[in-house]
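Below is one structure, written out as structure tokens; comments come after it.
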Amino acid sequence: RFSAAHDIRYLSTNNQESSKKRVEIYYGSLTRQIKALKLFSLLTSTGGLLAQPFLYLKAIESGNTGAVLGISACIGFLAVTTPFLIHIITKKYVTHLYYDTEEDKYIANTYSLFAQKKEITFTPEDVVVPDITGMFANCIVKGTPLFLEQGFFYDCNHYIRIMGYDKPIDFKLNTNNNLNQTIAVDSRYKNHMNKK
């Protein structure tokens, strides 16, 4: 009696509603490569760990257990440490950044250790730009270092707002100086120049 298109038209989910208020403002160009690298690393590490019992059995059969166990230990070490090393480097890379127009918040997506999307919701007030940035990070959001590249923003005004470049600059000068003293010094300097 009703067509499938008719049924779909009247169905609504929260995902459809939330996607209307979320606007993508940033896409990291290395997103696919990072996900592929993490998945490849996890796959090869799993294969290396699954091969350990077979290598051990071959070592017992051949009688050359020392060399095979040494190679097996190296493979096991690399199988465990490689995904962690890759994660330490890539966990700060923001893959997508969305702007929630209704709540005036940003949602940053990064990848977890097992290449799952991880969301961080924040406002520009939650962002700290350190004087000296860390390795592969240029801002800290709620205690999490993140890397945002200005060239990948669709609208640079969002980058300026997130990084706090729209706020007055604090040069962190000595605050013991009084404005009156500064004016007095300036006026004396001008008077001294006028006398010459």
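Residue numbering restarts at 1 in every chain; chains get A, B, ... in the order shown in the structure tokens, and ligands count up from 1 in that same order.
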
Please identify which residues in region 109-158 of chain A DSSP calls strand (DSSP E or B) from the backbone, and express them as a list in words.
->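 Residues of region 109-158 of chain A classed as strand (DSSP E or B): Asn109, Thr110, Tyr111, Lys117, Lys118, Glu119, Ile120, Thr121, Phe122, Val127, Val128, Cys139, Ile140, Val141, Thr144, Pro145, Leu146, Phe147 and Phe153 of chain A.
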
Write the residues of the preceding selection, restricted to C-alpha atoms, as an mmCIF file, in the first residue's frame.
data_model
loop_
_atom_site.group_PDB
_atom_site.id
_atom_site.type_symbol
_atom_site.label_atom_id
_atom_site.label_comp_id
_atom_site.auth_asym_id
_atom_site.auth_seq_id
_atom_site.Cartn_x
_atom_site.Cartn_y
_atom_site.Cartn_z
ATOM 1 C CA ASN A 109 37.865 13.379 15.759
ATOM 2 C CA THR A 110 41.076 11.440 16.298
ATOM 3 C CA TYR A 111 41.944 7.748 16.072
ATOM 4 C CA LYS A 117 37.131 7.273 15.953
ATOM 5 C CA LYS A 118 37.404 9.178 19.195
ATOM 6 C CA GLU A 119 35.519 12.455 19.701
ATOM 7 C CA ILE A 120 36.628 15.421 21.779
ATOM 8 C CA THR A 121 34.013 18.138 22.316
ATOM 9 C CA PHE A 122 35.365 21.554 23.262
ATOM 10 C CA VAL A 127 42.087 25.418 24.056
ATOM 11 C CA VAL A 128 45.553 26.327 25.298
ATOM 12 C CA CYS A 139 47.424 23.160 20.790
ATOM 13 C CA ILE A 140 46.149 21.461 23.922
ATOM 14 C CA VAL A 141 42.415 20.796 24.216
ATOM 15 C CA THR A 144 44.944 16.452 25.158
ATOM 16 C CA PRO A 145 47.606 17.672 22.696
ATOM 17 C CA LEU A 146 46.213 17.994 19.165
ATOM 18 C CA PHE A 147 47.558 18.965 15.764
ATOM 19 C CA PHE A 153 40.279 24.463 7.391
#

Can you tell me, as a tab-separated table (two decimals) with C-alpha atoms, in the first residue's frame, what residues are no more than 8 Å from Val68 (chain A) when counting only C-alpha atoms, ignoring any on the same chain fewer than 4 positions away?
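The resulting result_32.tsv:
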chain	number	residue	atom	x	y	z
A	55	LEU	CA	58.06	-20.72	15.49
A	56	TYR	CA	58.56	-22.22	18.93
A	59	ALA	CA	62.65	-24.43	17.06
A	64	ASN	CA	68.38	-24.90	17.06
A	72	SER	CA	61.00	-15.06	17.84

How would you write, as number ranges by chain, the set of residues in region 34-171 of chain A that DSSP gives as helix (DSSP H, G or I)?
-> A: 34-62, 65-90, 124-126, 150-152, 156-163

Quick one: residues within 8 Å of Leu113 (chain A), only C-alpha atoms counted, chain neighbours fewer than 3 positions away excluded, as a VMD selection string?
-> chain A and resid 38 83 to 84 87 91 116

Please provide as a ChimeraX atom specification all residues within 12 Å of Ala73 (chain A), with the sequence filter that same-chain residues fewer than 3 positions apart are discarded (counting only C-alpha atoms).
-> /A:48-49,51-53,55-56,65-70,76-80

Writing out the chosen residues with N, CA and C atoms as an mmCIF file, in the first residue's frame:
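Okay, this is what ended up in again.cif:
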data_model
loop_
_atom_site.group_PDB
_atom_site.id
_atom_site.type_symbol
_atom_site.label_atom_id
_atom_site.label_comp_id
_atom_site.auth_asym_id
_atom_site.auth_seq_id
_atom_site.Cartn_x
_atom_site.Cartn_y
_atom_site.Cartn_z
ATOM 1 N N GLY A 48 52.191 -11.608 13.611
ATOM 2 C CA GLY A 48 53.457 -11.942 14.259
ATOM 3 C C GLY A 48 53.272 -12.641 15.589
ATOM 4 N N LEU A 49 52.296 -12.195 16.353
ATOM 5 C CA LEU A 49 52.034 -12.840 17.644
ATOM 6 C C LEU A 49 51.412 -14.225 17.471
ATOM 7 N N ALA A 51 52.050 -16.199 15.040
ATOM 8 C CA ALA A 51 53.087 -17.087 14.508
ATOM 9 C C ALA A 51 54.058 -17.562 15.588
ATOM 10 N N GLN A 52 54.043 -16.943 16.748
ATOM 11 C CA GLN A 52 54.977 -17.305 17.812
ATOM 12 C C GLN A 52 54.915 -18.786 18.211
ATOM 13 N N PRO A 53 53.748 -19.360 18.445
ATOM 14 C CA PRO A 53 53.730 -20.786 18.826
ATOM 15 C C PRO A 53 54.299 -21.701 17.734
ATOM 16 N N LEU A 55 56.604 -20.879 15.490
ATOM 17 C CA LEU A 55 58.056 -20.717 15.487
ATOM 18 C C LEU A 55 58.691 -21.489 16.642
ATOM 19 N N TYR A 56 58.038 -21.487 17.777
ATOM 20 C CA TYR A 56 58.555 -22.215 18.934
ATOM 21 C C TYR A 56 58.571 -23.721 18.663
ATOM 22 N N THR A 65 67.225 -24.140 19.020
ATOM 23 C CA THR A 65 66.266 -23.317 19.756
ATOM 24 C C THR A 65 66.789 -21.923 20.077
ATOM 25 N N GLY A 66 68.072 -21.763 20.283
ATOM 26 C CA GLY A 66 68.633 -20.451 20.654
ATOM 27 C C GLY A 66 68.399 -19.404 19.585
ATOM 28 N N ALA A 67 68.757 -19.729 18.336
ATOM 29 C CA ALA A 67 68.609 -18.762 17.248
ATOM 30 C C ALA A 67 67.138 -18.475 16.957
ATOM 31 N N VAL A 68 66.326 -19.528 16.927
ATOM 32 C CA VAL A 68 64.909 -19.344 16.610
ATOM 33 C C VAL A 68 64.203 -18.578 17.725
ATOM 34 N N LEU A 69 64.553 -18.861 18.979
ATOM 35 C CA LEU A 69 63.943 -18.122 20.080
ATOM 36 C C LEU A 69 64.382 -16.652 20.083
ATOM 37 N N GLY A 70 65.618 -16.387 19.680
ATOM 38 C CA GLY A 70 66.080 -14.995 19.568
ATOM 39 C C GLY A 70 65.310 -14.241 18.499
ATOM 40 N N GLY A 76 58.328 -10.781 18.370
ATOM 41 C CA GLY A 76 57.339 -10.480 19.406
ATOM 42 C C GLY A 76 57.468 -9.063 19.939
ATOM 43 N N PHE A 77 58.713 -8.620 20.154
ATOM 44 C CA PHE A 77 58.944 -7.262 20.641
ATOM 45 C C PHE A 77 58.438 -6.228 19.643
ATOM 46 N N LEU A 78 58.781 -6.419 18.363
ATOM 47 C CA LEU A 78 58.326 -5.488 17.332
ATOM 48 C C LEU A 78 56.811 -5.540 17.153
ATOM 49 N N ALA A 79 56.248 -6.730 17.279
ATOM 50 C CA ALA A 79 54.796 -6.868 17.121
ATOM 51 C C ALA A 79 54.044 -6.112 18.208
ATOM 52 N N VAL A 80 54.610 -6.046 19.388
ATOM 53 C CA VAL A 80 53.930 -5.355 20.487
ATOM 54 C C VAL A 80 54.205 -3.852 20.450
#

Record the distance separating CA of Ile25 (chain A) and CA of Asn157 (chain A), expressed in Å with one decimal.
->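 Atom-to-atom, CA of Ile25 (chain A) and CA of Asn157 (chain A) are spaced 10.1 Å apart.
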